[in-house]
Amino acid sequence: MIYLDNAASAPTRQETIEAMVSVLEENYGNPSGSHSMARKARRAIDDARDILAETLGCRAQEIIYTSGGTEADNLAIFGTHNALGGTVICSATEHHAVLEPTETIGGQIAKVNPDGSLDLNHLADLLNEQTTLVSIGLVNGETGIIQDLETISDLIKELAPNALLHTDAVQGFPWLDIPTATKTADLVSIAAHKFGGPKGIGVLVAKEKAKLAPMQLGGGQEQGIRSGTQDVAGIVGMAAAAQQTSNTRQATIERVTPLRNQLANELTSIKGSYETGVSRNSNGETNRSKKIAGSCHVCFDQIESEALLFLLEQENILASAASSCSSGAQDPSHVLAAMGYNRELAGGSLRLSLGYKTSETDIQKALEVIPKSITKLRKTGS
């Protein structure tokens with residue numbers, strides 16, 4: 001099986017499995033209890049908090065455990081809005097976990113440029129003294145495009161100095177040094193399953209300036225911001241995955257980057273193909289410096305994504321196109337629409353996302369199958 005859907009969910013790391021099994025078998029006490037096993041469970045989530053704080057560049061007490069990236073994003077937006085009121089702004093290419101809460105509270109949507117970067121002029125037009133939160137994703141989940149949070153933060157400080165900056169760093173954690181990339185953010189979301197941890201667990205970092213109203217009341221866990229018994233095994237597994245990711249990130253980038261470049265270069269040599277989020281230098285060479293190393297996102301004209309994905313799966317290649325919805329179908333891409341791609345071309349998008357386990361053999365197999373599949377579909381008029 002050739003797995004090229006790491007942006008959806010990364011393979012679970014062995015370190016994660018071992019850490020979780022140990023908890024499930026031996027440390028099943030409730031961390032809110034008072035007896036010895038409960039105290040042991042509490043120590044486990046506190047130790048995990050210390051590990052995560054180091055990998056995220058924050059203080060341990062700034063970490064709030066959540067059920068994943070979606071809850072972390074929702075807590076950042078609804079929690080801030082409920083605490084401070086005012087206006088929330090996000091970009092047009094955000095994950096639905098950011099976009100829909102922003103729209104629900106009557107927030108504003110900032111445009112992006114054709115290359116996927118935030119339109120700073122439009123953001124400047126939207127910012128004012130009523131702005132309380134700006135949410136800009138560090139890395140786009142479809143295209144792999146990296147946003148310049150430092151420049152965005154400087155603009156916010158100039159035009160809306162009291163506003164907070166939230167970033168969904170879910171897609172960024174496997175590929176970027178998060179303490180550096182998110183140093184200007186007040187709120188940061190991550191999800192464990194994107195970097196080899198378990199599903200159903202994540203973190204919202206709420207730094208000193210952040211003001212959050214709780215969305216979930218009960219036992220007062222997580223400083224009263226997110227009540228509910230903590231998932232000890234999930235938290236410990238997430239910390240193990242985060243530590244391993246942090247320790248091996250640079251080596252993974254150096255190994256995966258040439259594989260991604262080979263894949264993208266050969267696919268874009270196919271007539272009627274368009275790679276998103278790239279530019280060309282004066283020598284005509286492709287510049288992918290604004291994309292993470294694991295992202296290869298290409299649109300093909302005269303192709304329907306679902307037909308292409310079906311053919312690829314027949315050859316044991318697993319990939320995706322636009323964001324997946326709960327039914328497993330591929331929604332039309334709001335990301336590509338915001339970047340100016342017409343519906344027909346966007347309908348032929350292919351997201352190949354590499355990860356820490358991707359091999360040269362995987363890429364060679366993909367390059368054997370994908371061009372043949374595109375030729376077949378074009379001949380049959382798909």
# chains A, B, ... in the order shown; residues from 1 in each chain; ligands from 1
>>> residues_around(residues="range 190-195 of chain A", least_positions_apart="6", cutoff="6 Å", atoms="only C-alpha atoms", output="list in words")
Ser9, Ala10, Gly68, Gly69, Ala169, Val170, Pro174, Ile201, Gly202, Val203 and Met238 of chain A
>>> residues_around(residues="range 363-375 of chain A", least_positions_apart="6", cutoff="9 Å", atoms="only C-alpha atoms", output="number ranges by chain")
A: 2, 259-260, 262-263, 266-267, 270, 300, 302-303, 308, 311-312, 315, 317
>>> write_last_selection(atoms="N, CA and C atoms", output="CSV table (one decimal), in the first residue's frame")
chain,number,residue,atom,x,y,z
A,2,ILE,N,0.6,2.2,-0.9
A,2,ILE,CA,1.4,3.4,-1.0
A,2,ILE,C,0.5,4.5,-0.4
A,259,LEU,N,12.2,14.0,-2.6
A,259,LEU,CA,11.2,13.1,-3.1
A,259,LEU,C,9.9,13.8,-3.5
A,260,ARG,N,9.5,14.8,-2.7
A,260,ARG,CA,8.4,15.7,-3.1
A,260,ARG,C,8.7,16.4,-4.4
A,262,GLN,N,10.8,15.7,-6.8
A,262,GLN,CA,10.8,14.7,-8.0
A,262,GLN,C,9.3,14.4,-8.4
A,263,LEU,N,8.5,14.2,-7.4
A,263,LEU,CA,7.1,13.9,-7.7
A,263,LEU,C,6.4,15.1,-8.3
A,266,GLU,N,7.8,15.9,-12.0
A,266,GLU,CA,7.3,15.0,-13.1
A,266,GLU,C,5.8,15.1,-13.4
A,267,LEU,N,5.0,15.3,-12.3
A,267,LEU,CA,3.6,15.5,-12.5
A,267,LEU,C,3.3,16.8,-13.3
A,270,ILE,N,3.3,17.0,-17.1
A,270,ILE,CA,2.1,16.5,-17.9
A,270,ILE,C,1.3,17.8,-18.4
A,300,PHE,N,-5.2,19.1,-12.4
A,300,PHE,CA,-5.2,18.6,-13.8
A,300,PHE,C,-6.5,19.0,-14.5
A,302,GLN,N,-9.4,18.6,-17.4
A,302,GLN,CA,-10.1,17.5,-18.1
A,302,GLN,C,-10.1,16.2,-17.2
A,303,ILE,N,-10.1,16.5,-15.9
A,303,ILE,CA,-10.0,15.3,-15.0
A,303,ILE,C,-11.0,15.6,-13.8
A,308,LEU,N,-10.0,9.9,-10.6
A,308,LEU,CA,-8.6,9.7,-10.5
A,308,LEU,C,-8.3,8.9,-9.2
A,311,LEU,N,-9.1,5.2,-9.5
A,311,LEU,CA,-8.1,4.5,-10.3
A,311,LEU,C,-6.8,4.3,-9.5
A,312,LEU,N,-6.4,5.3,-8.7
A,312,LEU,CA,-5.2,5.2,-7.9
A,312,LEU,C,-5.4,4.1,-6.9
A,315,GLU,N,-4.7,0.7,-7.7
A,315,GLU,CA,-3.3,0.3,-7.8
A,315,GLU,C,-2.6,0.4,-6.4
A,317,ILE,N,-2.7,2.9,-4.3
A,317,ILE,CA,-2.1,4.2,-3.9
A,317,ILE,C,-3.3,5.0,-3.3
>>> atom_distance(atom1="CA of Asn140 in chain A", atom2="CA of Glu313 in chain A")
24.5 Å
>>> closest_residue(among="A:Glu150, A:Glu100, A:Asp5, A:Glu94", to="Gly137 in chain A", atoms="only C-alpha atoms")
A:Glu94
>>> closest_residue(among="A:Cys90, A:Ala41, A:Leu126, A:Ala213", to="Thr167 in chain A", atoms="only C-alpha atoms")
A:Cys90
>>> residues_around(residues="range 44-53 of chain A", least_positions_apart="4", cutoff="7 Å", atoms="only C-alpha atoms", output="PDB file with N, CA and C atoms, in the first residue's frame")
ATOM      1  N   LYS A  40      -0.724   8.833  40.022  1.00  0.00           N
ATOM      2  CA  LYS A  40       0.197   8.382  38.966  1.00  0.00           C
ATOM      3  C   LYS A  40      -0.298   8.838  37.597  1.00  0.00           C
ATOM      4  N   GLY A  57       7.159  25.466  22.431  1.00  0.00           N
ATOM      5  CA  GLY A  57       7.736  26.755  22.777  1.00  0.00           C
ATOM      6  C   GLY A  57       6.849  27.592  23.681  1.00  0.00           C
ATOM      7  N   CYS A  58       6.221  26.938  24.656  1.00  0.00           N
ATOM      8  CA  CYS A  58       5.343  27.658  25.576  1.00  0.00           C
ATOM      9  C   CYS A  58       5.582  27.146  26.993  1.00  0.00           C
ATOM     10  N   ARG A  59       4.847  27.691  27.955  1.00  0.00           N
ATOM     11  CA  ARG A  59       4.916  27.204  29.332  1.00  0.00           C
ATOM     12  C   ARG A  59       3.914  26.067  29.522  1.00  0.00           C
ATOM     13  N   ALA A  60       4.229  25.158  30.416  1.00  0.00           N
ATOM     14  CA  ALA A  60       3.363  23.998  30.636  1.00  0.00           C
ATOM     15  C   ALA A  60       1.951  24.423  31.022  1.00  0.00           C
ATOM     16  N   ILE A  63      -0.849  25.085  28.280  1.00  0.00           N
ATOM     17  CA  ILE A  63      -1.388  23.987  27.466  1.00  0.00           C
ATOM     18  C   ILE A  63      -2.751  23.568  27.984  1.00  0.00           C
ATOM     19  N   VAL A 232      -5.820  10.030  29.456  1.00  0.00           N
ATOM     20  CA  VAL A 232      -4.421   9.878  29.873  1.00  0.00           C
ATOM     21  C   VAL A 232      -3.600   9.166  28.800  1.00  0.00           C
ATOM     22  N   ILE A 235      -3.094  11.449  25.782  1.00  0.00           N
ATOM     23  CA  ILE A 235      -2.171  12.546  26.085  1.00  0.00           C
ATOM     24  C   ILE A 235      -0.727  12.045  26.093  1.00  0.00           C
ATOM     25  N   VAL A 236      -0.504  10.920  26.740  1.00  0.00           N
ATOM     26  CA  VAL A 236       0.849  10.361  26.801  1.00  0.00           C
ATOM     27  C   VAL A 236       1.315   9.955  25.406  1.00  0.00           C
ATOM     28  N   ALA A 239       2.280  13.106  23.469  1.00  0.00           N
ATOM     29  CA  ALA A 239       3.576  13.636  23.889  1.00  0.00           C
ATOM     30  C   ALA A 239       4.723  12.817  23.314  1.00  0.00           C
ATOM     31  N   ALA A 242       4.995  13.755  19.679  1.00  0.00           N
ATOM     32  CA  ALA A 242       5.517  15.119  19.530  1.00  0.00           C
ATOM     33  C   ALA A 242       7.021  15.158  19.756  1.00  0.00           C
ATOM     34  N   GLN A 243       7.473  14.448  20.772  1.00  0.00           N
ATOM     35  CA  GLN A 243       8.908  14.428  21.060  1.00  0.00           C
ATOM     36  C   GLN A 243       9.687  13.768  19.937  1.00  0.00           C
TER      37      GLN A 243
END
>>> atom_distance(atom1="CA of Ala264 in chain A", atom2="CA of Ser320 in chain A")
15.3 Å
>>> closest_residue(among="A:Ala124, A:Ala163, A:Leu149, A:Cys299", to="Arg343 in chain A", atoms="only C-alpha atoms")
A:Cys299
>>> select_by_dssp(residues="range 97-329 of chain A", states="strand (DSSP E)", output="PyMOL selection string")
chain A and resi 108-110+131-135+164-168+187-191+202-206+273-275+279-280+286-287+295-300+317-318
>>> write_last_selection(atoms="C-alpha atoms", output="short mmCIF file (atom, residue, chain, number, x, y, z; two decimals), in the first residue's frame")
data_model
loop_
_atom_site.label_atom_id
_atom_site.label_comp_id
_atom_site.auth_asym_id
_atom_site.auth_seq_id
_atom_site.Cartn_x
_atom_site.Cartn_y
_atom_site.Cartn_z
CA GLN A 108 -15.08 38.78 8.71
CA ILE A 109 -13.22 36.83 6.02
CA ALA A 110 -9.90 38.13 4.68
CA THR A 131 -11.08 43.42 16.28
CA THR A 132 -10.43 41.01 19.15
CA LEU A 133 -9.06 37.95 17.32
CA VAL A 134 -7.42 37.18 13.99
CA SER A 135 -7.11 33.48 13.06
CA LEU A 164 -5.08 38.39 19.67
CA LEU A 165 -3.56 36.15 16.99
CA HIS A 166 -4.62 32.50 16.74
CA THR A 167 -3.01 30.01 14.40
CA ASP A 168 -4.11 26.52 13.46
CA LEU A 187 -3.24 30.89 20.65
CA VAL A 188 -1.97 27.77 18.85
CA SER A 189 -3.88 24.60 17.90
CA ILE A 190 -2.36 21.17 17.19
CA ALA A 191 -3.78 17.65 16.65
CA GLY A 202 -5.01 17.73 20.68
CA VAL A 203 -3.86 20.93 22.35
CA LEU A 204 -4.77 24.57 22.44
CA VAL A 205 -1.88 26.71 23.64
CA ALA A 206 -3.28 29.81 25.36
CA SER A 273 -1.21 20.41 -14.98
CA TYR A 274 -0.86 23.23 -12.46
CA GLU A 275 0.99 23.13 -9.14
CA SER A 279 6.59 30.53 -8.13
CA ARG A 280 9.29 30.56 -10.80
CA THR A 286 10.34 26.21 -9.45
CA ASN A 287 10.45 27.85 -6.03
CA SER A 295 3.05 18.81 0.18
CA CYS A 296 2.55 18.03 -3.51
CA HIS A 297 -0.72 19.57 -4.70
CA VAL A 298 -1.44 19.59 -8.43
CA CYS A 299 -4.56 20.36 -10.50
CA PHE A 300 -5.17 18.60 -13.83
CA ILE A 317 -2.14 4.25 -3.93
CA LEU A 318 -4.06 6.21 -1.29
#
>>> closest_residue(among="A:Gly237, A:Pro101, A:Pro332, A:Gly219", to="Glu306 in chain A", atoms="only C-alpha atoms")
A:Pro332
>>> residues_around(residues="Asp177 in chain A", least_positions_apart="6", cutoff="9 Å", atoms="only C-alpha atoms", output="PDB file with C-alpha atoms, in the first residue's frame")
ATOM      1  CA  THR A  55       8.094  21.126  21.541  1.00  0.00           C
ATOM      2  CA  LEU A  56       5.590  24.006  21.263  1.00  0.00           C
ATOM      3  CA  SER A 246      10.631  17.185  17.092  1.00  0.00           C
ATOM      4  CA  ARG A 249      11.930  16.648  11.976  1.00  0.00           C
TER       5      ARG A 249
END
>>> decode(residues="range 239-277 of chain A", atoms="N, CA and C atoms", output="PDB file, in the first residue's frame")
ATOM      1  N   ALA A 239       2.280  13.106  23.469  1.00  0.00           N
ATOM      2  CA  ALA A 239       3.576  13.636  23.889  1.00  0.00           C
ATOM      3  C   ALA A 239       4.723  12.817  23.314  1.00  0.00           C
ATOM      4  N   ALA A 240       4.572  11.494  23.290  1.00  0.00           N
ATOM      5  CA  ALA A 240       5.618  10.632  22.713  1.00  0.00           C
ATOM      6  C   ALA A 240       5.797  10.933  21.231  1.00  0.00           C
ATOM      7  N   ALA A 241       4.684  11.103  20.514  1.00  0.00           N
ATOM      8  CA  ALA A 241       4.758  11.414  19.087  1.00  0.00           C
ATOM      9  C   ALA A 241       5.360  12.792  18.853  1.00  0.00           C
ATOM     10  N   ALA A 242       4.995  13.755  19.679  1.00  0.00           N
ATOM     11  CA  ALA A 242       5.517  15.119  19.530  1.00  0.00           C
ATOM     12  C   ALA A 242       7.021  15.158  19.756  1.00  0.00           C
ATOM     13  N   GLN A 243       7.473  14.448  20.772  1.00  0.00           N
ATOM     14  CA  GLN A 243       8.908  14.428  21.060  1.00  0.00           C
ATOM     15  C   GLN A 243       9.687  13.768  19.937  1.00  0.00           C
ATOM     16  N   GLN A 244       9.177  12.639  19.422  1.00  0.00           N
ATOM     17  CA  GLN A 244       9.851  11.947  18.327  1.00  0.00           C
ATOM     18  C   GLN A 244       9.835  12.795  17.063  1.00  0.00           C
ATOM     19  N   THR A 245       8.730  13.448  16.797  1.00  0.00           N
ATOM     20  CA  THR A 245       8.642  14.322  15.630  1.00  0.00           C
ATOM     21  C   THR A 245       9.643  15.453  15.727  1.00  0.00           C
ATOM     22  N   SER A 246       9.708  16.079  16.895  1.00  0.00           N
ATOM     23  CA  SER A 246      10.631  17.185  17.092  1.00  0.00           C
ATOM     24  C   SER A 246      12.082  16.749  16.931  1.00  0.00           C
ATOM     25  N   ASN A 247      12.401  15.564  17.441  1.00  0.00           N
ATOM     26  CA  ASN A 247      13.777  15.071  17.382  1.00  0.00           C
ATOM     27  C   ASN A 247      14.206  14.686  15.971  1.00  0.00           C
ATOM     28  N   THR A 248      13.266  14.270  15.135  1.00  0.00           N
ATOM     29  CA  THR A 248      13.606  13.746  13.804  1.00  0.00           C
ATOM     30  C   THR A 248      13.152  14.659  12.665  1.00  0.00           C
ATOM     31  N   ARG A 249      12.554  15.792  12.990  1.00  0.00           N
ATOM     32  CA  ARG A 249      11.930  16.648  11.976  1.00  0.00           C
ATOM     33  C   ARG A 249      12.906  17.064  10.884  1.00  0.00           C
ATOM     34  N   GLN A 250      14.078  17.555  11.259  1.00  0.00           N
ATOM     35  CA  GLN A 250      15.012  18.068  10.260  1.00  0.00           C
ATOM     36  C   GLN A 250      15.500  16.959   9.336  1.00  0.00           C
ATOM     37  N   ALA A 251      15.765  15.796   9.899  1.00  0.00           N
ATOM     38  CA  ALA A 251      16.200  14.670   9.064  1.00  0.00           C
ATOM     39  C   ALA A 251      15.088  14.246   8.106  1.00  0.00           C
ATOM     40  N   THR A 252      13.850  14.272   8.578  1.00  0.00           N
ATOM     41  CA  THR A 252      12.716  13.927   7.720  1.00  0.00           C
ATOM     42  C   THR A 252      12.575  14.926   6.579  1.00  0.00           C
ATOM     43  N   ILE A 253      12.715  16.195   6.889  1.00  0.00           N
ATOM     44  CA  ILE A 253      12.620  17.243   5.860  1.00  0.00           C
ATOM     45  C   ILE A 253      13.691  17.044   4.791  1.00  0.00           C
ATOM     46  N   GLU A 254      14.914  16.793   5.226  1.00  0.00           N
ATOM     47  CA  GLU A 254      16.018  16.627   4.274  1.00  0.00           C
ATOM     48  C   GLU A 254      15.811  15.396   3.393  1.00  0.00           C
ATOM     49  N   ARG A 255      15.192  14.363   3.912  1.00  0.00           N
ATOM     50  CA  ARG A 255      14.961  13.150   3.132  1.00  0.00           C
ATOM     51  C   ARG A 255      13.751  13.292   2.211  1.00  0.00           C
ATOM     52  N   VAL A 256      12.686  13.930   2.691  1.00  0.00           N
ATOM     53  CA  VAL A 256      11.425  13.985   1.959  1.00  0.00           C
ATOM     54  C   VAL A 256      11.416  15.062   0.884  1.00  0.00           C
ATOM     55  N   THR A 257      12.119  16.174   1.115  1.00  0.00           N
ATOM     56  CA  THR A 257      12.078  17.286   0.158  1.00  0.00           C
ATOM     57  C   THR A 257      12.438  16.863  -1.262  1.00  0.00           C
ATOM     58  N   PRO A 258      13.554  16.158  -1.498  1.00  0.00           N
ATOM     59  CA  PRO A 258      13.845  15.745  -2.877  1.00  0.00           C
ATOM     60  C   PRO A 258      12.820  14.775  -3.445  1.00  0.00           C
ATOM     61  N   LEU A 259      12.206  13.952  -2.596  1.00  0.00           N
ATOM     62  CA  LEU A 259      11.158  13.052  -3.074  1.00  0.00           C
ATOM     63  C   LEU A 259       9.940  13.850  -3.536  1.00  0.00           C
ATOM     64  N   ARG A 260       9.540  14.837  -2.735  1.00  0.00           N
ATOM     65  CA  ARG A 260       8.414  15.677  -3.123  1.00  0.00           C
ATOM     66  C   ARG A 260       8.714  16.446  -4.404  1.00  0.00           C
ATOM     67  N   ASN A 261       9.948  16.985  -4.506  1.00  0.00           N
ATOM     68  CA  ASN A 261      10.318  17.743  -5.699  1.00  0.00           C
ATOM     69  C   ASN A 261      10.288  16.864  -6.954  1.00  0.00           C
ATOM     70  N   GLN A 262      10.792  15.655  -6.840  1.00  0.00           N
ATOM     71  CA  GLN A 262      10.750  14.733  -7.973  1.00  0.00           C
ATOM     72  C   GLN A 262       9.306  14.439  -8.381  1.00  0.00           C
ATOM     73  N   LEU A 263       8.464  14.180  -7.401  1.00  0.00           N
ATOM     74  CA  LEU A 263       7.064  13.887  -7.666  1.00  0.00           C
ATOM     75  C   LEU A 263       6.373  15.075  -8.346  1.00  0.00           C
ATOM     76  N   ALA A 264       6.560  16.263  -7.784  1.00  0.00           N
ATOM     77  CA  ALA A 264       5.906  17.453  -8.330  1.00  0.00           C
ATOM     78  C   ALA A 264       6.445  17.805  -9.711  1.00  0.00           C
ATOM     79  N   ASN A 265       7.756  17.714  -9.883  1.00  0.00           N
ATOM     80  CA  ASN A 265       8.351  18.078 -11.176  1.00  0.00           C
ATOM     81  C   ASN A 265       7.838  17.188 -12.303  1.00  0.00           C
ATOM     82  N   GLU A 266       7.756  15.891 -12.037  1.00  0.00           N
ATOM     83  CA  GLU A 266       7.315  14.977 -13.094  1.00  0.00           C
ATOM     84  C   GLU A 266       5.818  15.096 -13.367  1.00  0.00           C
ATOM     85  N   LEU A 267       5.032  15.339 -12.333  1.00  0.00           N
ATOM     86  CA  LEU A 267       3.596  15.489 -12.546  1.00  0.00           C
ATOM     87  C   LEU A 267       3.269  16.790 -13.278  1.00  0.00           C
ATOM     88  N   THR A 268       4.019  17.841 -12.990  1.00  0.00           N
ATOM     89  CA  THR A 268       3.749  19.117 -13.662  1.00  0.00           C
ATOM     90  C   THR A 268       4.316  19.155 -15.077  1.00  0.00           C
ATOM     91  N   SER A 269       5.034  18.116 -15.466  1.00  0.00           N
ATOM     92  CA  SER A 269       5.456  18.022 -16.865  1.00  0.00           C
ATOM     93  C   SER A 269       4.333  17.489 -17.749  1.00  0.00           C
ATOM     94  N   ILE A 270       3.266  16.997 -17.116  1.00  0.00           N
ATOM     95  CA  ILE A 270       2.101  16.531 -17.855  1.00  0.00           C
ATOM     96  C   ILE A 270       1.337  17.750 -18.375  1.00  0.00           C
ATOM     97  N   LYS A 271       0.944  17.710 -19.610  1.00  0.00           N
ATOM     98  CA  LYS A 271       0.209  18.826 -20.207  1.00  0.00           C
ATOM     99  C   LYS A 271      -1.089  19.078 -19.438  1.00  0.00           C
ATOM    100  N   GLY A 272      -1.394  20.373 -19.210  1.00  0.00           N
ATOM    101  CA  GLY A 272      -2.628  20.722 -18.514  1.00  0.00           C
ATOM    102  C   GLY A 272      -2.568  20.499 -17.022  1.00  0.00           C
ATOM    103  N   SER A 273      -1.363  20.570 -16.430  1.00  0.00           N
ATOM    104  CA  SER A 273      -1.213  20.412 -14.983  1.00  0.00           C
ATOM    105  C   SER A 273      -0.733  21.718 -14.365  1.00  0.00           C
ATOM    106  N   TYR A 274      -1.171  21.970 -13.132  1.00  0.00           N
ATOM    107  CA  TYR A 274      -0.859  23.232 -12.459  1.00  0.00           C
ATOM    108  C   TYR A 274      -0.572  22.949 -10.990  1.00  0.00           C
ATOM    109  N   GLU A 275       0.617  23.336 -10.538  1.00  0.00           N
ATOM    110  CA  GLU A 275       0.989  23.132  -9.138  1.00  0.00           C
ATOM    111  C   GLU A 275       0.644  24.384  -8.343  1.00  0.00           C
ATOM    112  N   THR A 276      -0.012  24.209  -7.228  1.00  0.00           N
ATOM    113  CA  THR A 276      -0.431  25.358  -6.425  1.00  0.00           C
ATOM    114  C   THR A 276       0.675  25.818  -5.484  1.00  0.00           C
ATOM    115  N   GLY A 277       0.675  27.122  -5.209  1.00  0.00           N
ATOM    116  CA  GLY A 277       1.545  27.683  -4.184  1.00  0.00           C
ATOM    117  C   GLY A 277       3.010  27.751  -4.530  1.00  0.00           C
TER     118      GLY A 277
END
